[in-house]
Each structure stands twice: as C-alpha cells, then as structure tokens.
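S.K.: After the structure tokens below, expect a handful of questions from me.
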Amino acid sequence: PLANRFLGLTSQEKLLAERLNIERCFIVRGDRTAGDAVTKQLGTILNDALAKLLPEGNNIIVVMGGSTMASVAAQLTPELSVSRKLTFVPGRGGIGESVNKQANSVAATMAKRTHGEARPLYIPEQLSESTYHPLLNEPTVKPVLELIKHAGVAIHGIGNAGVMARRRGVNEEISNYLRKAKAVGEAFGSFYNKEGRILYQVHRIGLQLNDVQHFNHVFAVASGHDKAQAIESYMKIAPHQTILITDEGAANVILKK
Ligand code: F6P
C-alpha cells in the first residue's frame with residue numbers, strides 16, 4: 001500500500017497542493033476534532049513518505065514539538081532504518097511545553113521507534129538576550145545546533161495562534177498584541193496573520209522558519225477543521241518543498257473557499 005498511496009495522488013490532494021502552492025499534500029479521512037482516529041493515520045502516511053523520500057545513508061532529521069508530533073512519532077517503524085542511519089534532533093530546546101510534547105521527547109520517540117539515534121537539546125524556551133547568547137557556545141549545545149544547521153529534513157506541527165500563545169506562556173502585552181493584530185497561527189515559534197505576515201517570533205535557540213527554506217524535505221503535520229486557517233496562512237510563508245499531511249476536516253474548509 002505504501003507505493004500505491006504515495007503515487008496515487010487523489011484529485012483533492014492535487015487541488016490542495018496547487019491551492020497552497022506547495023510540493024504535495026496527503027489528506028486522511030475524517031476530522032481530528034470529531035474524535036476520529038486521524039493522528040494515527042497521519043503518522044502512517046509520514047512513515048511511508050519518509051520511507052519513500054529519504055536517501056540512503058546518513059539522515060539528520062529535525063523535529064519540532066506539539067501533541068500532533070508526539071502522536072505521529074509513535075507510528076514510525078524500524079523499516080526506515082534499512083540502509084539508512086537516522087539521527088533525530090529536536091529543533092528547539094523545548095523546556096516550556098509539557099514533557100511529552102517537547103521536541104526532545106518527540107526526537108527520542110522517533111529514534112526509539114526507528115532504531116535510530118536522538119540528540120537532546122536542553123535549553124529553556126524563553127530566555128533573556130543576555131542568558132541566551134553565551135549558551136550558543138556551550139559544549140553540550142553547539143554541536144547540536146550545528147547538526148540542526150546541516151539537517152536536510154524537518155518535521156513540524158502548526159498551531160492556532162490563541163492556543164499557542166497560551167501554551168507558550170507569552171506575556172499579556174504580547175498576547176494582546178497578537179489578538180489585535182489578528183494572529184491566526186504559529187509554526188517554528190513564529191506567529192503570523194491571515195496573509196502570512198509574521199507578527200511575532202518567540203525568541204528561542206534552534207530551528208527558525210528561515211532555516212528550513214533550504215532543506216530538502218519539510219513535512220508539516222496538522223489537521224482538523226479548527227486548524228484550517230492556521231494551515232492555509234502558514235503555507236504563504238512555507239518553503240515550496242513542503243509536504244502537508246492533513247485530514248479532510250482541514251482540507252475541506254480550505255478547498256471550499
Ligand atoms: O510547540 C511546538 C509546535 O510544533 C508549534 O510550533 C505548533 O504550533 C504546535 O506545536 C502544534 O501543536 P499541536 O500539534 O499540539 O496542535
């Protein structure tokens with residue numbers, strides 16, 4: 001089924017990729033918000049796509065956090081490591097989100113599932129400028145940041161702005177600003193509006209939206225009709241090589257417009 005699924009692009013998937021102006025889309029049945037078992041399917045598709053697209057040999061894969069990422073991680077399989085050496089690196093330091101949603105945990109789960117390796121990055125999410133800079137040269141941090149820079153693949157989630165502002169614990173001033181400026185979504189720590197203009201960037205160490213522009217493959221995994229606007233607007237700033245893995249809940253809203 002793997003090859004079939006990958007080659008057999010449905011007309012809706014084709015339409016959505018054209019509409020969003022990205023490389024490709026996968027749409028699974030159902031809507032996450034209706035309690036459908038969507039995330040499991042998203043993970044299976046991600047596994048199949050990685051199996052198909054990753055080159056042989058060493059692969060450095062940068063992963064972000066979030067609940068979607070945490071659940072798709074559990075669907076990866078050891079077959080991905082046949083003739084490959086996979087190293088999963090968290091894109092962010094991650095202390096700030098609850099433990100199971102942190103990029104570090106996602107990387108560890110993916111490594112375990114695929115019999116690959118994971119490199120941890122432990123840095124609190126929101127640091128002052130003066131604390132942040134010296135950390136970049138720390139012997140436990142620097143090599144991991146180098147790996148992130150030389151990665152070819154990223155896998156990330158997309159969230160709603162309001163939800164993510166709360167989860168990230170941004171201060172009141174910023175969350176008021178985001179509301180007034182009509183932020184709709186967040187990815188890679190960047191909050192953006194409907195037009196895809198970046199309004200605010202959480203100041204953190206690790207992978208930023210700009211960094212992925214030159215990656216070979218960027219997988220965005222996000223689903224549910226409630227995320228339709230966040231997904232659609234993010235794709236205005238996403239690298240063209242983005243592969244979106246989503247559900248009918250989100251896809252139908254975007255395509256109806
Ligand atoms: O916090 C990491 C992150 O990937 C965000 O960039 C994104 O908005 C969010 O998680 C998505 O989280 P969830 O899958 O739980 O909606």
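How things are named: the first chain in the structure tokens is A, the next is B, and so on; residues count from 1 in each chain; ligands count from 1 in the order shown.
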For A:Thr109, please output as a PyMOL selection string all residues within 7 Å (counting only C-alpha atoms; exclusion window: fewer than 3 positions along the same chain).
M.R.: chain A and resi 73-74+105-106+112-113
S.K.: For ligand 1, collect every residue having any atom at a distance of at most 6 Å from a ligand atom (counting only C-alpha atoms and all ligand atoms); output as a list of chain:residue names.
M.R.: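 Sorted by chain and then by number, the residues are A:Met64, A:Gly65, A:Gly66, A:Ser67, A:Thr68, A:Met69, A:His156, A:Gly157, A:Ile158, A:Gly159, A:Met164, A:Glu186, A:Ala187, A:Phe188, A:Gly189.
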S.K.: Emit the selected residues as a compact mmCIF listing (two decimals), in the first residue's frame, including C-alpha atoms.
M.R.:
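Everything below was put into result_18.txt:
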```
# COMPACT_ATOMS: atom_id res chain seq x y z
CA MET A 64 9.50 20.10 16.46
CA GLY A 65 7.17 19.54 19.42
CA GLY A 66 3.41 19.54 19.98
CA SER A 67 0.74 16.90 20.50
CA THR A 68 0.44 16.04 16.81
CA MET A 69 4.18 15.46 16.56
CA HIS A 156 6.84 20.14 12.30
CA GLY A 157 3.36 20.98 13.57
CA ILE A 158 1.19 24.03 13.01
CA GLY A 159 -0.97 25.50 15.76
CA MET A 164 -0.16 28.53 21.16
CA GLU A 186 2.01 29.61 14.82
CA ALA A 187 4.79 27.41 13.45
CA PHE A 188 8.51 27.26 14.36
CA GLY A 189 7.81 29.81 17.11
```
S.K.: Which residues, written as a CSV table (one decimal) with all heavy atoms, in the first residue's frame, have at least one atom at most 10 Å from A:Ala34, with only C-alpha atoms counted and residues fewer than 6 positions away on the same chain left out?
M.R.:
```
chain,number,residue,atom,x,y,z
A,224,GLY,N,-7.6,18.9,11.3
A,224,GLY,CA,-8.8,19.4,12.0
A,224,GLY,C,-9.3,20.6,11.4
A,224,GLY,O,-8.5,21.5,11.0
A,225,HIS,N,-10.6,20.8,11.3
A,225,HIS,CA,-11.2,22.0,10.6
A,225,HIS,C,-10.8,23.2,11.4
A,225,HIS,O,-10.7,24.3,10.9
A,225,HIS,CB,-12.7,21.9,10.5
A,225,HIS,CG,-13.4,22.1,11.8
A,225,HIS,ND1,-13.7,21.0,12.6
A,225,HIS,CD2,-13.9,23.2,12.3
A,225,HIS,CE1,-14.4,21.5,13.7
A,225,HIS,NE2,-14.5,22.8,13.5
A,249,GLY,N,-11.0,17.2,7.5
A,249,GLY,CA,-11.6,18.3,8.2
A,249,GLY,C,-11.0,19.7,7.8
A,249,GLY,O,-11.7,20.6,7.5
```
S.K.: Where in stretch 7-136 of chain A does DSSP assign strand (DSSP E), given as a PyMOL selection string?
M.R.: chain A and resi 24-28+57-63+84-90+117-118
S.K.: Could you tell me how far atom CA of A:Glu13 lies from atom CA of A:Gly196, in Å and to one decimal?
M.R.: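 A separation of 21.7 Å between them.
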S.K.: Record the distance separating atom CA of A:Ala103 and atom CA of A:Phe88, expressed in Å with one decimal.
M.R.: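 Between atom CA of A:Ala103 and atom CA of A:Phe88 the gap is 9.8 Å.
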S.K.: At what distance in Å, to one decimal, does atom CA of A:Lys14 lie from atom CA of A:Arg29?
M.R.: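 Computing the Euclidean distance for atom CA of A:Arg29 and atom CA of A:Lys14 yields 15.5 Å.
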S.K.: May I have the residues within 10 Å of A:Leu50 as a list in words, using only C-alpha atoms and disregarding those fewer than 3 positions away in the same chain?
M.R.: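 Here the answer would be Thr44, Ile45, Leu46, Asn47, Leu53, Leu54, Pro55, Leu76, Leu80, Val153, His217 and Phe219 of chain A.
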S.K.: Between A:Lys180, A:His240, A:Lys101, A:Arg168, single out the one closest to A:Cys25, counting only C-alpha atoms.
M.R.: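 Looking at the shortest contact to A:Cys25, the residue is A:His240.
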S.K.: Could you give me, as a compact mmCIF listing (two decimals) with N, CA, C and O atoms, in the first residue's frame, the residues within 8 Å of A:Tyr200, counting only C-alpha atoms and dropping anything in the same chain fewer than 4 positions from it?
M.R.:
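selection31.txt, freshly written:
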```txt
# COMPACT_ATOMS: atom_id res chain seq x y z
N LEU A 178 -1.07 40.20 19.75
CA LEU A 178 -1.38 39.14 18.77
C LEU A 178 -2.88 39.12 18.47
O LEU A 178 -3.30 38.90 17.34
N SER A 190 6.99 31.16 15.23
CA SER A 190 6.57 32.41 14.58
C SER A 190 5.05 32.49 14.53
O SER A 190 4.39 31.56 14.07
N PHE A 191 4.53 33.61 15.01
CA PHE A 191 3.09 33.86 14.92
C PHE A 191 2.83 34.71 13.68
O PHE A 191 3.57 35.66 13.42
N TYR A 192 1.79 34.39 12.93
CA TYR A 192 1.51 35.10 11.68
C TYR A 192 0.02 35.39 11.55
O TYR A 192 -0.81 34.75 12.21
```
S.K.: Nearest to A:Leu136 among A:Gly35, A:Leu121, A:Ala51, A:Pro78, with distances taken over only C-alpha atoms: which residue is it?
M.R.: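 The answer is A:Leu121, which sits nearest to A:Leu136.
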S.K.: For A:Ala161, which of A:Glu146, A:Val99, A:Tyr234, A:Asn210 is the closest residue, counting only C-alpha atoms?
M.R.: A:Tyr234
S.K.: What's around A:Val212 at 10 Å? Count only C-alpha atoms, leave out sequence neighbours fewer than 3 positions away in its own chain, and write the answer as a list in words.
M.R.: Val62, Ile148, Lys149, Ala151, Gly152, Val153, Ala154, Phe188, Leu207, Gln208, Leu209, Phe215, Asn216, His217, Val218, Ala238, Pro239, Gln241 and Thr242 of chain A
S.K.: I need the residues in stretch 14-235 of chain A that are alpha helix (DSSP H) according to DSSP; give them as a count of residues only.
M.R.: 80
S.K.: For A:Asn193, which of A:Glu138, A:Glu232, A:Asp211, A:Glu172 is the closest residue, counting only C-alpha atoms?
M.R.: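 Between A:Glu138, A:Glu232, A:Asp211, A:Glu172, the residue approaching A:Asn193 most closely is A:Glu232.
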S.K.: Find, counting only C-alpha atoms, the residue in A:Ala70, A:Ala222, A:Val202, A:Leu16 that gets nearest to A:Asn171.
M.R.: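 Closest candidate: A:Val202.
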